[in-house]
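See structure below.
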Amino acid sequence: MSLVLVQILNGLQYGLLLFLAASGLTLVFGILGVINLAHGSFYMLGAYLAVTLTAQFGDIFVALAVGIPLAFVFGAAIEWLFIRHLYKRDHLQQVLLTFALILVFKEVQQTLWGNHPLSIPTPSYLSSSISLTPDLGYPVYRFALMGICVALALAMMFVIQRTRVGRLIRAAESNPEMVEALGYDSRILYRMVFAAGVALAAAAGILAAPIESAYPGIGDRVLIISFVIVVIGGIGSIRGAFLGALLIGLADAFGKVFVPEFSSVLIYAVMALILVVRPSGLFGRA
Amino acid sequence: MLKTPSTRALLLLACLALLFVALPFFVGPYGIKFATRLIILSIFVVSLDFALGLAGLISFGHAAFFGVGAYAVYFVSSDEGAANVFVALGAGVGVAAVCALVIGAFACLTRGFYFIMVTLAAGQMMFSLFHDTDIAKGADGAYINIKPDLTILGHTLIDFDDRRVFFYVCLALLVFTVVALYMLARTPFGRVVQGLKSNETRLSALGFDAYRFKLAAFVVSGAFAGLAGALFACIDGFVTPDLFSWHQSGLAIMMVVLGGAGTLFGPILGALFYVSLEETLKTASLVGDFVSSHWLLGTGAVLVIAVLLSPDGLAGFLRNAARPAKKALLQPLGDAPAEPRRASILATKDLAKTFGGLRAVDGVTISFEPDLVHAIIGPNGAGKTTFTNLLSGALKPSAGEVTVDGVNVAGAPAYKIARRGVGRSFQRTNIFATFTVEENCRLAAQARHPSVVRLTERLSGSEQAKVAHALTVVGLADKADTIAGAMSNGEQRQLEIAMLIASGGSILILDEPLAGMGPEETRRVIDLLRDLKKNHTIVLIEHDMDAVFAVADTLTVLALGRLIAHGTPDEVRRNEEVITAYLGGHAPEIETEGAKS
């Protein structure tokens, strides 16, 4: 019983992290129409930013507060340099260019941080555990992490649903030409959306760093799982990404315990099943 | 569609082939091994190009088929003796084909972004399967101790352990792959496969089951990728889960696009370019220590620049300059080749379609009798286009029946309705823009035998006549060799009608065929409709009221999704309800506004 409880918590925590990463991806694809394979690299960037910033400031939450704006600026720069040339191109070229970016980021990461896994300390005041049952504790940091993820998710929902810029974002997703025809500069809007996607992925990477540590290739796994989530939820759907992320988080947590050898396969099986029933995802447009 | 490579390209390929044939006489064992690897890589990327460049299926999990091809060789090899070459390669091809069939069965349900992601996920799934479990020694990889050979009556004819022999086998198989896929692309099957990339909706409306063709193309592509994988396993006799890695798939796509997707030879140039680039950047004596220790950075940077600067790939430089279209290829023919009528009466009963709360089509019951032109008119938003989409199967009805000669086809997919002899044109011109005019019609004519397994033009004598006839009657015979996408909008609409004629449909649904046509073209199409109705049932949606009254035998008026009048043009003209609801008291000749309905 306690095993099930722990796995539910692990699944939720992993799912919430994945949601941060996947929501950026789904926003970028839904609004910019760009398949961004380099999204995993931004998660990796977050993890390594956590290494450097925690070493500098001594606390993961300060690292988060500094890292998110840094990632946002970095994302805006990447959009300006590369991504904006892809809006009118077909999927194939987007796949290629962002794939080439992965190679570049990978090399930069190895040059700056090397090949060895680097661990990031959990803040001392959060290193204890909470007793869930008399013989079962669960790390406080993981609860804090879930809380921050939920807060970020709510903030994003609020921005998208309730603010002027959110209304523009939703309008641009539905009909970009019209938004432009109404006199908005979609270039700025697109740059902001892409940068926000990068910041979200990096935030997930920073938050996960004390648990997963930072290592080369950390982004690849997250990238592919994020794509699975976007496909399950339906492209462009934040709601879908949320459900998909929790579903995958739980499937992964339970798969690791009950069918350890097939836990990764299980995730893809879930996706295949959902696509057979709904070929454009849970909340995708047909 | 796939063109014959230009003379320059053929020359370049011939030089490359000669160079490779002579190579083993100049380079040492390491050089041969390197060249062998390059050749096998080429087979892999050419196989990918068939799916990606020709069929438009962006498979991001192609390494899965490469990987299972390699592992198949491991499974059929034993430690006691060498496996037969044919068994080993056959196993690689067979297992990869089965794998492609299973993965494709899911992936081909989806399109665009979803297709890319599903194939990516499928590839990762295969990776996990071989990486996380103990199959074939898991993550460590496994050795094939004795490589396959071909021994007949005690004589060893081919031994994969001999580097030079293996090199020539691989080279021969590369040539075989390119030639086989090239020839396949030129068959009727290949024509439909290329139509998939160009315009899938149109293909379904002609009566082809797009899903099956996608799946077939995917399996062919996967099978050749399996061949490449099987050969790859024989280079070092070592297989590892890394063969499945999505980086492999990504690099393969990279090479295809760098070289030129959809040319079948371009990807070889792409592979050559990429491998040379990587080797050069890794060699410290050529580029210095700094670059060689960060070769990945250089590779990535070159690729970024290549994508931004050259969308057509290397093969783009070898293309022939656009030739002026050849004229009058086709013999003008007088009468249509005689053909039995396939369908006569199209009818609906209580047909309805709702979108959310909107009843776009609301209980329409009507019967379209043969040998007449039936026009449907109505103000914008009357539900005319929704109605035609229900008739042709592009939309599924919410309720009611659509019958073709009494058989209910409501809810059937578009291609099944098309196969009953119902052809349609679209409100927005819908042709295969990258095909020539003649190829468009060939594809349409071929729809009468829409089987996936059609590799010869054996049935095509009458099809050729059909094509010539169709192009002649719409007045495009002298444009047979023009690329369809390069013609004016009016000409493209004429082509769409020619395709309907060539496809041999007996019930034709035309959605605003005259939009964008000049007076001369309009007159021609009206004459054509009068001529066609002798042995067709024609349903016409048109805003040009002069044309409607000139050609229609019956007139049906839709308003707010409901049928408010049906009869001869004269009856409808006098119908009070129509005058108040639609014509607003004006004379019927006054044109209705707008084009969108």
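Following the order of the structure tokens, chains are lettered A, B, ..., residues in each are numbered from 1, and ligands are numbered from 1.
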
List every residue of chain A that has an atom at most 9 Å from any atom of chain B, giving for each one its closest atom pair and the distance in Å to one decimal, counting only C-alpha atoms, sorted by chain and then by ascending residue number, as CSV.
```
residue,atom,partner,partner_atom,distance
A:Ile35,CA,B:Phe113,CA,7.7
A:Phe82,CA,B:Val304,CA,8.4
A:His85,CA,B:Leu308,CA,7.5
A:Leu86,CA,B:Leu308,CA,8.4
A:Arg89,CA,B:Pro311,CA,8.8
A:His91,CA,B:Phe113,CA,7.6
A:Leu92,CA,B:Ile58,CA,7.3
A:Gln93,CA,B:Val307,CA,6.6
A:Gln94,CA,B:Val307,CA,8.8
A:Val95,CA,B:Gly250,CA,8.2
A:Leu96,CA,B:Met254,CA,5.9
A:Leu97,CA,B:Val304,CA,5.4
A:Thr98,CA,B:Val304,CA,8.2
A:Phe99,CA,B:Gly250,CA,7.0
A:Ala100,CA,B:Gly300,CA,4.7
A:Leu101,CA,B:Gly300,CA,6.3
A:Ile102,CA,B:Gly300,CA,7.8
A:Leu103,CA,B:Gly300,CA,5.4
A:Val104,CA,B:Leu297,CA,4.7
A:Phe105,CA,B:Leu297,CA,7.9
A:Lys106,CA,B:Leu296,CA,8.1
A:Glu107,CA,B:Leu297,CA,5.7
A:Val108,CA,B:Leu297,CA,7.4
A:Thr111,CA,B:His294,CA,8.1
A:Ile224,CA,B:Ala121,CA,7.1
A:Ile225,CA,B:Ala121,CA,8.4
A:Phe227,CA,B:Met117,CA,6.5
A:Val228,CA,B:Ala121,CA,7.0
A:Val231,CA,B:Tyr114,CA,6.4
A:Ile235,CA,B:Tyr114,CA,8.6
A:Pro260,CA,B:Asp132,CA,8.4
A:Glu261,CA,B:Thr133,CA,5.4
A:Phe262,CA,B:Leu129,CA,7.0
A:Ser263,CA,B:Ser128,CA,8.7
A:Ser264,CA,B:Ser128,CA,6.1
A:Val265,CA,B:Met125,CA,5.2
A:Leu266,CA,B:Met125,CA,8.6
A:Ile267,CA,B:Met125,CA,8.6
A:Tyr268,CA,B:Ala121,CA,6.4
A:Ala269,CA,B:Met125,CA,8.6
A:Met271,CA,B:Val118,CA,8.3
A:Ala272,CA,B:Phe106,CA,7.0
A:Leu275,CA,B:Phe106,CA,7.8
A:Val276,CA,B:Phe106,CA,6.9
A:Pro279,CA,B:Thr110,CA,5.7
A:Ser280,CA,B:Thr110,CA,7.2
A:Gly281,CA,B:Tyr114,CA,8.9
```

Please produce a file of those selected residues containing C-alpha atoms, as an mmCIF file, in the first residue's frame.
```cif
data_model
loop_
_atom_site.group_PDB
_atom_site.id
_atom_site.type_symbol
_atom_site.label_atom_id
_atom_site.label_comp_id
_atom_site.auth_asym_id
_atom_site.auth_seq_id
_atom_site.Cartn_x
_atom_site.Cartn_y
_atom_site.Cartn_z
ATOM 1 C CA ILE A 35 8.618 21.495 -34.484
ATOM 2 C CA PHE A 82 17.394 30.832 -36.096
ATOM 3 C CA HIS A 85 13.479 31.816 -40.427
ATOM 4 C CA LEU A 86 11.473 28.635 -40.101
ATOM 5 C CA ARG A 89 9.290 26.533 -44.136
ATOM 6 C CA HIS A 91 8.214 20.585 -41.121
ATOM 7 C CA LEU A 92 11.200 18.813 -42.585
ATOM 8 C CA GLN A 93 13.438 21.855 -42.495
ATOM 9 C CA GLN A 94 12.309 22.713 -38.985
ATOM 10 C CA VAL A 95 13.227 19.219 -37.899
ATOM 11 C CA LEU A 96 16.623 19.579 -39.529
ATOM 12 C CA LEU A 97 17.577 22.972 -38.227
ATOM 13 C CA THR A 98 16.537 22.234 -34.672
ATOM 14 C CA PHE A 99 18.300 18.873 -34.886
ATOM 15 C CA ALA A 100 21.481 20.673 -35.926
ATOM 16 C CA LEU A 101 20.979 22.997 -32.947
ATOM 17 C CA ILE A 102 20.942 19.956 -30.668
ATOM 18 C CA LEU A 103 24.403 19.002 -31.932
ATOM 19 C CA VAL A 104 25.664 22.509 -31.255
ATOM 20 C CA PHE A 105 24.149 22.720 -27.763
ATOM 21 C CA LYS A 106 25.503 19.307 -26.897
ATOM 22 C CA GLU A 107 29.013 20.342 -27.829
ATOM 23 C CA VAL A 108 28.715 23.623 -25.962
ATOM 24 C CA THR A 111 32.908 22.193 -23.446
ATOM 25 C CA ILE A 224 10.892 12.575 -26.554
ATOM 26 C CA ILE A 225 8.594 12.150 -23.558
ATOM 27 C CA PHE A 227 6.582 14.966 -27.671
ATOM 28 C CA VAL A 228 4.639 11.921 -26.555
ATOM 29 C CA VAL A 231 0.727 14.058 -29.149
ATOM 30 C CA ILE A 235 -1.130 19.885 -30.403
ATOM 31 C CA PRO A 260 10.783 -2.487 -14.820
ATOM 32 C CA GLU A 261 12.145 -3.745 -18.128
ATOM 33 C CA PHE A 262 9.198 -2.487 -20.098
ATOM 34 C CA SER A 263 8.496 0.802 -18.352
ATOM 35 C CA SER A 264 9.640 2.890 -21.345
ATOM 36 C CA VAL A 265 7.756 0.689 -23.776
ATOM 37 C CA LEU A 266 4.646 1.130 -21.638
ATOM 38 C CA ILE A 267 4.669 4.890 -22.217
ATOM 39 C CA TYR A 268 4.678 4.463 -25.980
ATOM 40 C CA ALA A 269 1.991 1.814 -25.740
ATOM 41 C CA MET A 271 0.375 6.785 -26.705
ATOM 42 C CA ALA A 272 -0.379 4.257 -29.439
ATOM 43 C CA LEU A 275 -3.933 7.632 -31.032
ATOM 44 C CA VAL A 276 -5.943 4.674 -32.267
ATOM 45 C CA PRO A 279 -5.796 10.228 -34.027
ATOM 46 C CA SER A 280 -5.293 13.887 -33.130
ATOM 47 C CA GLY A 281 -4.905 13.488 -29.396
#
```

Query raised in the report: So which bits of range 68-276 of chain A end up helix (DSSP H, G or I) when you DSSP the backbone, as a PyMOL selection string?
Result: chain A and resi 68-81+83-86+91-113+124-126+140-162+164-174+176-181+186-212+218-233+238-258+260-276

Query - Residue among A:Phe29, A:Tyr14, A:Tyr138, A:Phe61 lying closest to Ile206 in chain A, counting only C-alpha atoms - result: A:Phe61

Query raised in the report: Quick one: DSSP strand (DSSP E) residues in range 447-556 of chain B, as JSON, numbers by chain?
Result: {"B": [507, 508, 509, 510, 511, 537, 538, 539, 540, 541, 554, 555, 556]}

Selection above as a file: C-alpha atoms, as a PDB file, in the first residue's frame:
```pdb
ATOM      1  CA  ILE B 507     -22.067  10.977 -61.120  1.00  0.00           C
ATOM      2  CA  LEU B 508     -20.155  14.260 -61.074  1.00  0.00           C
ATOM      3  CA  ILE B 509     -20.423  16.754 -58.230  1.00  0.00           C
ATOM      4  CA  LEU B 510     -18.999  20.112 -59.243  1.00  0.00           C
ATOM      5  CA  ASP B 511     -18.503  22.737 -56.547  1.00  0.00           C
ATOM      6  CA  THR B 537     -25.544  12.616 -63.603  1.00  0.00           C
ATOM      7  CA  ILE B 538     -24.274  16.092 -62.809  1.00  0.00           C
ATOM      8  CA  VAL B 539     -24.729  17.983 -59.553  1.00  0.00           C
ATOM      9  CA  LEU B 540     -23.644  21.584 -59.974  1.00  0.00           C
ATOM     10  CA  ILE B 541     -23.116  24.245 -57.355  1.00  0.00           C
ATOM     11  CA  THR B 554     -33.467  21.056 -62.383  1.00  0.00           C
ATOM     12  CA  LEU B 555     -32.895  23.654 -59.736  1.00  0.00           C
ATOM     13  CA  THR B 556     -32.690  23.007 -56.027  1.00  0.00           C
TER      14      THR B 556
END
```

Report task. Would you please work out which residue, of A:Cys149, A:Val140, A:Leu16, A:Ala209, is nearest to Gly46 in chain A when using only C-alpha atoms? Result ->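 Using only C-alpha atoms, the shortest distance to Gly46 in chain A belongs to A:Ala209.
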
Query - Residues near range 2-9 of chain A, cut-off 8 Å, only C-alpha atoms, skip fewer than 3 positions along chain, as an NGL selection string - result: :A and (12-13 or 133 or 136 or 138 or 250 or 253-254)

Report summary line: Min atom-atom distance to Ala50 in chain A from the set A:Ala38, A:Leu27, A:Ala71, A:Ala181, counting only C-alpha atoms, belongs to A:Ala71

Query raised in the report: Can you list, as a VMD selection string, every protein, DNA or RNA residue that comes within 9 Å of Gly104 in chain B when you count only C-alpha atoms, leaving out same-chain residues fewer than 4 positions away?
Result: chain B and resid 99 to 100 108 to 109 119 214 to 216 218 to 219

Query raised in the report: Which polymer residues have any atom within 7 Å of an atom of Ser119 in chain A, counting only C-alpha atoms, with same-chain residues fewer than 5 positions away left out, as a list of chain:residue names?
Result: A:Pro210, A:Ser213, A:Ala214

File dump, residues just selected, C-alpha atoms, as a compact mmCIF listing (two decimals), in the first residue's frame:
```
# COMPACT_ATOMS: atom_id res chain seq x y z
CA PRO A 210 18.60 18.34 -7.27
CA SER A 213 21.48 15.77 -11.18
CA ALA A 214 22.82 17.17 -14.45
```

Query raised in the report: Quick one: residues within 8 Å of Gly92 in chain B, only C-alpha atoms counted, chain neighbours fewer than 3 positions away excluded, as number ranges by chain?
Result: B: 68-73, 88-89, 95-96, 223, 226-227, 229-230

Requested in this report: Please provide as a PyMOL selection string all residues within 8 Å of Arg191 in chain A, with the sequence filter that same-chain residues fewer than 6 positions apart are discarded (counting only C-alpha atoms).
Outcome: chain A and resi 76+79-80

Selection above as a file: C-alpha atoms, as a PDB file, in the first residue's frame:
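result_31.pdb was written with the following content:
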```
ATOM      1  CA  ALA A  76      14.501  35.228 -27.439  1.00  0.00           C
ATOM      2  CA  GLU A  79      14.369  32.767 -31.895  1.00  0.00           C
ATOM      3  CA  TRP A  80      15.888  35.864 -33.452  1.00  0.00           C
TER       4      TRP A  80
END
```

**Report entry** Point-to-point distance from CA of Leu391 in chain B to CA of Ala468 in chain B, Å rounded to tenths
**Finding:**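 CA of Ala468 in chain B lies 28.7 Å from CA of Leu391 in chain B.
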
Report task. Return the single residue from A:Ala144, A:Ile248, A:Ile120, A:Leu20 that is closest to Glu212 in chain A, with distances computed using only C-alpha atoms. Result -> A:Ile120

Query - Coordinates-based distance that separates CA of Val93 in chain B from CA of Phe75 in chain B (Å, one decimal) - result: 13.3 Å

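Take the candidates B:Ala142, B:Leu563, B:Val275, B:Leu443 and check each one against Asp350 in chain B using only C-alpha atoms; the shortest distance goes to B:Leu563.
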